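Have a look at the structure below before the remarks.
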Number of protein chains: 2
Amino acid sequence: MKKSVEKKSYFCPHPVFVVGTYDEHENPNIMAVSWGGMVCSDPPCVSISVRKVRHTYPNLMANMAFTVNIPSKHQIKEADLTGVASGKRMNKFDEAGLTPKKYKDIHAPYVEEFPVSMICKVVNIIELGVHIMFIGEVIDVLVDESMLDENGIPDISKIEPFAFNSADRHYYAIGEKLMEAYTVKKIKN
Amino acid sequence: MKKSVEKKSYFCPHPVFVVGTYDEHENPNIMAVSWGGMVCSDPPCVSISVRKVRHTYPNLMANMAFTVNIPSKHQIKEADLTGVASGKRMNKFDEAGLTPKKYKDIHAPYVEEFPVSMICKVVNIIELGVHIMFIGEVIDVLVDESMLDENGIPDISKIEPFAFNSADRHYYAIGEKLMEAYTVKKIKN
């Protein structure tokens with residue numbers, strides 16, 4: 001039997017995006033975001049949702065650009081710090097011991113140490129409520145060479161990303177490989 | 001050293017949403033969607049992205065309502081089937097041995113057997129490219145009573161959801177609990 005519970009995000013997994021932007025003084029900033037995901041394959045687009053009170057919000061509005069950086073579980077503390085501290089009061093790259101790199105044509109810093117970085121330009125902004133959704137078209141995807149498999153595809157067993165579960169506010173590892181997707185054609189015999 | 005790779009969705013995790021809609025003959029349909037996520041806390045909103053060729057697309061446009069159902073890893077084959085087969089040619093609820101239930105005020109069926117169902121009304125539609133993004137305001141969240149912890153919160157260790165990794169097109173279990181989120185205030189001493 002199913003029962004109604006609070007209208008919150010009680011599904012899992014959420015991604016852990018560390019979003020990079022520049023502020024008005026050209027200081028690089030990073031912020032952990034779990035409200036987001038892939039929203040289109042072609043052109044490739046991702047969404048991130050940010051509250052107006054966050055330091056990242058005016059940065060997005062001014063530059064119309066951001067990066068989405070995917071941390072490994074070995075970088076979980078660095079990633080978490082960026083969701084707790086505010087870029088208004090500290091340089092979170094410095095505080096976390098991470099290196100901001102400027103991408104050539106897009107005015108947003110990516111995190112050198114994190115295995116995957118998506119470089120995005122804002123193509124849509126939608127005010128939904130407490131969160132403003134920014135849709136970014138992915139201009140480039142940068143992956144640490146040591147994280148690629150023999151076919152040049154990012155290898156999850158090397159990257160070791162992690163997930164956020166909002167119901168209990170904890171991070172979880174990505175676990176065992178269960179099954180190839182889009183292969184079940186029939187269940188009944 | 002980071003290098004540019006194909007501009008695809010090379011991050012992980014993606015959620016596995018099984019999206020419920022009714023078609024023009026009032027037949028219930030379900031379809032697996034991994035392009036989506038949480039987009040706002042208040043009002044609570046989720047996004048799903050669907051191609052126009054899918055049977056779900058006209059259903060969404062006609063009813064402006066959908067459900068997001070979260071399968072357990074023990075229901076992985078049923079969930080995968082809904083991403084392979086088309087509702088144009090079969091009743092996927094029947095084929096997967098699942099039960100459609102109508103929610104009182106919203107014209108969309110939810111999956112009785114899946115542990116979590118979010119009931120949504122469409123509040124925004126954005127054409128991004130090959131995918132059309134539908135933003136649903138969450139009207140209710142239904143959870144199987146046996147999946148709640150002693151505080152009435154959905155318990156991930158009971159639900160056992162799973163994730164999709166688009167880089168290798170496989171599903172992965174949610175693994176070990178790593179850390180409480182939003183707790184790291186300092187890294188350097």
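To be explicit about the labels: the chains of the structure tokens are called A, B, and onward in the order shown, and within each one the residues are counted from 1, while ligands get numbers from 1 in the order they are shown.
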
| 6 Å contacts from chain B to chain A using only C-alpha atoms, as a PyMOL selection string | chain B and resi 1-5+7+13+15+35-40+42+49+80-81+84+129-131+140-145+169-182+184-185

Keeping only C-alpha atoms, write the selected residues as a compact mmCIF listing (two decimals), in the first residue's frame.
```
# COMPACT_ATOMS: atom_id res chain seq x y z
CA MET B 1 45.92 16.30 -18.41
CA LYS B 2 42.40 16.76 -19.67
CA LYS B 3 41.40 16.24 -23.27
CA SER B 4 38.27 17.03 -25.26
CA VAL B 5 35.97 14.09 -25.93
CA LYS B 7 30.01 16.23 -26.56
CA PRO B 13 24.65 9.14 -12.18
CA PRO B 15 18.17 8.68 -12.51
CA TRP B 35 17.24 12.78 -19.09
CA GLY B 36 15.72 14.59 -16.12
CA GLY B 37 16.08 15.49 -12.48
CA MET B 38 14.94 17.74 -9.67
CA VAL B 39 14.74 21.38 -10.79
CA CYS B 40 13.08 23.29 -7.91
CA ASP B 42 9.45 25.06 -3.71
CA SER B 49 12.91 15.20 -21.52
CA ASP B 80 14.25 -1.46 -18.91
CA LEU B 81 11.49 -2.95 -21.03
CA VAL B 84 12.89 -0.43 -25.32
CA GLY B 129 16.39 20.24 -29.81
CA VAL B 130 15.71 16.55 -30.32
CA HIS B 131 14.36 16.49 -26.78
CA ASP B 140 1.86 14.40 -4.42
CA VAL B 141 4.51 11.83 -3.57
CA LEU B 142 3.33 8.28 -2.92
CA VAL B 143 5.63 5.78 -1.21
CA ASP B 144 5.03 2.16 -0.35
CA GLU B 145 4.56 2.04 3.42
CA ARG B 169 24.91 2.30 -21.28
CA HIS B 170 24.68 0.18 -18.14
CA TYR B 171 22.67 0.37 -14.95
CA TYR B 172 24.49 0.46 -11.61
CA ALA B 173 23.33 -0.19 -8.06
CA ILE B 174 23.51 2.58 -5.49
CA GLY B 175 26.49 1.53 -3.36
CA GLU B 176 27.81 2.24 0.10
CA LYS B 177 26.86 5.28 2.17
CA LEU B 178 29.90 7.59 2.02
CA MET B 179 29.22 10.71 4.07
CA GLU B 180 26.56 13.08 5.37
CA ALA B 181 26.14 15.98 2.92
CA TYR B 182 26.75 19.65 3.71
CA VAL B 184 32.50 19.94 5.49
CA LYS B 185 33.24 23.45 6.76
```

| request: Please run DSSP on the backbone and report, as a VMD selection string, all residues within range 36-185 of chain B that come out as strand (DSSP E or B). | output: chain B and resid 36 to 41 44 to 51 65 to 70 100 to 102 109 to 111 116 to 127 131 to 144 148 154 162 to 165 170 to 180

| message | What parts of range 4-144 of chain B does DSSP call helix (DSSP H, G or I)? I'd like the answer as a list in words. | response | Thr56, Tyr57, Pro58, Asn59, Leu60, Met61, Ala62, Asn63, Lys73, His74, Gln75, Ile76, Lys77, Glu78, Ala79, Asp80, Leu81, Thr82, Gly83, Val84, Lys92, Phe93, Asp94, Glu95 and Ala96 of chain B

Next, write the just-selected residues to a file, as an mmCIF file, in the first residue's frame, keeping N, CA and C atoms as the atom set.
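File out08.cif, as written:
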```cif
data_model
loop_
_atom_site.group_PDB
_atom_site.id
_atom_site.type_symbol
_atom_site.label_atom_id
_atom_site.label_comp_id
_atom_site.auth_asym_id
_atom_site.auth_seq_id
_atom_site.Cartn_x
_atom_site.Cartn_y
_atom_site.Cartn_z
ATOM 1 N N THR B 56 4.864 8.777 -25.607
ATOM 2 C CA THR B 56 4.615 9.607 -24.417
ATOM 3 C C THR B 56 4.407 11.078 -24.772
ATOM 4 N N TYR B 57 5.010 11.532 -25.873
ATOM 5 C CA TYR B 57 4.984 12.967 -26.190
ATOM 6 C C TYR B 57 3.554 13.513 -26.407
ATOM 7 N N PRO B 58 2.775 12.917 -27.330
ATOM 8 C CA PRO B 58 1.408 13.441 -27.476
ATOM 9 C C PRO B 58 0.561 13.250 -26.212
ATOM 10 N N ASN B 59 0.867 12.198 -25.447
ATOM 11 C CA ASN B 59 0.131 11.986 -24.193
ATOM 12 C C ASN B 59 0.355 13.149 -23.226
ATOM 13 N N LEU B 60 1.606 13.587 -23.153
ATOM 14 C CA LEU B 60 1.932 14.710 -22.273
ATOM 15 C C LEU B 60 1.246 15.988 -22.756
ATOM 16 N N MET B 61 1.286 16.208 -24.073
ATOM 17 C CA MET B 61 0.697 17.425 -24.624
ATOM 18 C C MET B 61 -0.820 17.456 -24.407
ATOM 19 N N ALA B 62 -1.454 16.281 -24.511
ATOM 20 C CA ALA B 62 -2.922 16.231 -24.378
ATOM 21 C C ALA B 62 -3.372 16.371 -22.928
ATOM 22 N N ASN B 63 -2.653 15.719 -22.021
ATOM 23 C CA ASN B 63 -3.128 15.667 -20.629
ATOM 24 C C ASN B 63 -2.406 16.624 -19.683
ATOM 25 N N LYS B 73 15.954 -1.994 -7.776
ATOM 26 C CA LYS B 73 16.826 -2.787 -8.650
ATOM 27 C C LYS B 73 16.254 -4.179 -8.902
ATOM 28 N N HIS B 74 15.321 -4.611 -8.059
ATOM 29 C CA HIS B 74 14.674 -5.911 -8.281
ATOM 30 C C HIS B 74 13.632 -5.824 -9.410
ATOM 31 N N GLN B 75 13.356 -4.600 -9.850
ATOM 32 C CA GLN B 75 12.386 -4.379 -10.939
ATOM 33 C C GLN B 75 13.096 -3.830 -12.180
ATOM 34 N N ILE B 76 14.382 -4.115 -12.289
ATOM 35 C CA ILE B 76 15.200 -3.510 -13.347
ATOM 36 C C ILE B 76 14.760 -3.971 -14.736
ATOM 37 N N LYS B 77 14.371 -5.227 -14.881
ATOM 38 C CA LYS B 77 13.946 -5.705 -16.201
ATOM 39 C C LYS B 77 12.644 -5.047 -16.631
ATOM 40 N N GLU B 78 11.715 -4.919 -15.693
ATOM 41 C CA GLU B 78 10.446 -4.256 -16.006
ATOM 42 C C GLU B 78 10.709 -2.803 -16.426
ATOM 43 N N ALA B 79 11.591 -2.141 -15.686
ATOM 44 C CA ALA B 79 11.897 -0.745 -16.006
ATOM 45 C C ALA B 79 12.573 -0.644 -17.375
ATOM 46 N N ASP B 80 13.520 -1.520 -17.638
ATOM 47 C CA ASP B 80 14.255 -1.458 -18.905
ATOM 48 C C ASP B 80 13.332 -1.707 -20.100
ATOM 49 N N LEU B 81 12.439 -2.651 -19.943
ATOM 50 C CA LEU B 81 11.485 -2.948 -21.029
ATOM 51 C C LEU B 81 10.750 -1.685 -21.475
ATOM 52 N N THR B 82 10.413 -0.820 -20.523
ATOM 53 C CA THR B 82 9.616 0.365 -20.859
ATOM 54 C C THR B 82 10.422 1.389 -21.654
ATOM 55 N N GLY B 83 11.757 1.214 -21.675
ATOM 56 C CA GLY B 83 12.590 2.094 -22.485
ATOM 57 C C GLY B 83 12.889 1.530 -23.858
ATOM 58 N N VAL B 84 12.598 0.244 -24.052
ATOM 59 C CA VAL B 84 12.890 -0.433 -25.318
ATOM 60 C C VAL B 84 11.640 -0.502 -26.194
ATOM 61 N N LYS B 92 2.504 -1.595 -22.273
ATOM 62 C CA LYS B 92 3.725 -1.944 -21.541
ATOM 63 C C LYS B 92 3.455 -2.294 -20.079
ATOM 64 N N PHE B 93 2.361 -1.754 -19.504
ATOM 65 C CA PHE B 93 2.001 -2.194 -18.146
ATOM 66 C C PHE B 93 1.740 -3.706 -18.163
ATOM 67 N N ASP B 94 0.898 -4.154 -19.104
ATOM 68 C CA ASP B 94 0.584 -5.588 -19.209
ATOM 69 C C ASP B 94 1.834 -6.410 -19.478
ATOM 70 N N GLU B 95 2.614 -5.951 -20.443
ATOM 71 C CA GLU B 95 3.801 -6.693 -20.858
ATOM 72 C C GLU B 95 4.797 -6.869 -19.709
ATOM 73 N N ALA B 96 4.880 -5.832 -18.856
ATOM 74 C CA ALA B 96 5.825 -5.891 -17.731
ATOM 75 C C ALA B 96 5.190 -6.474 -16.471
#
```
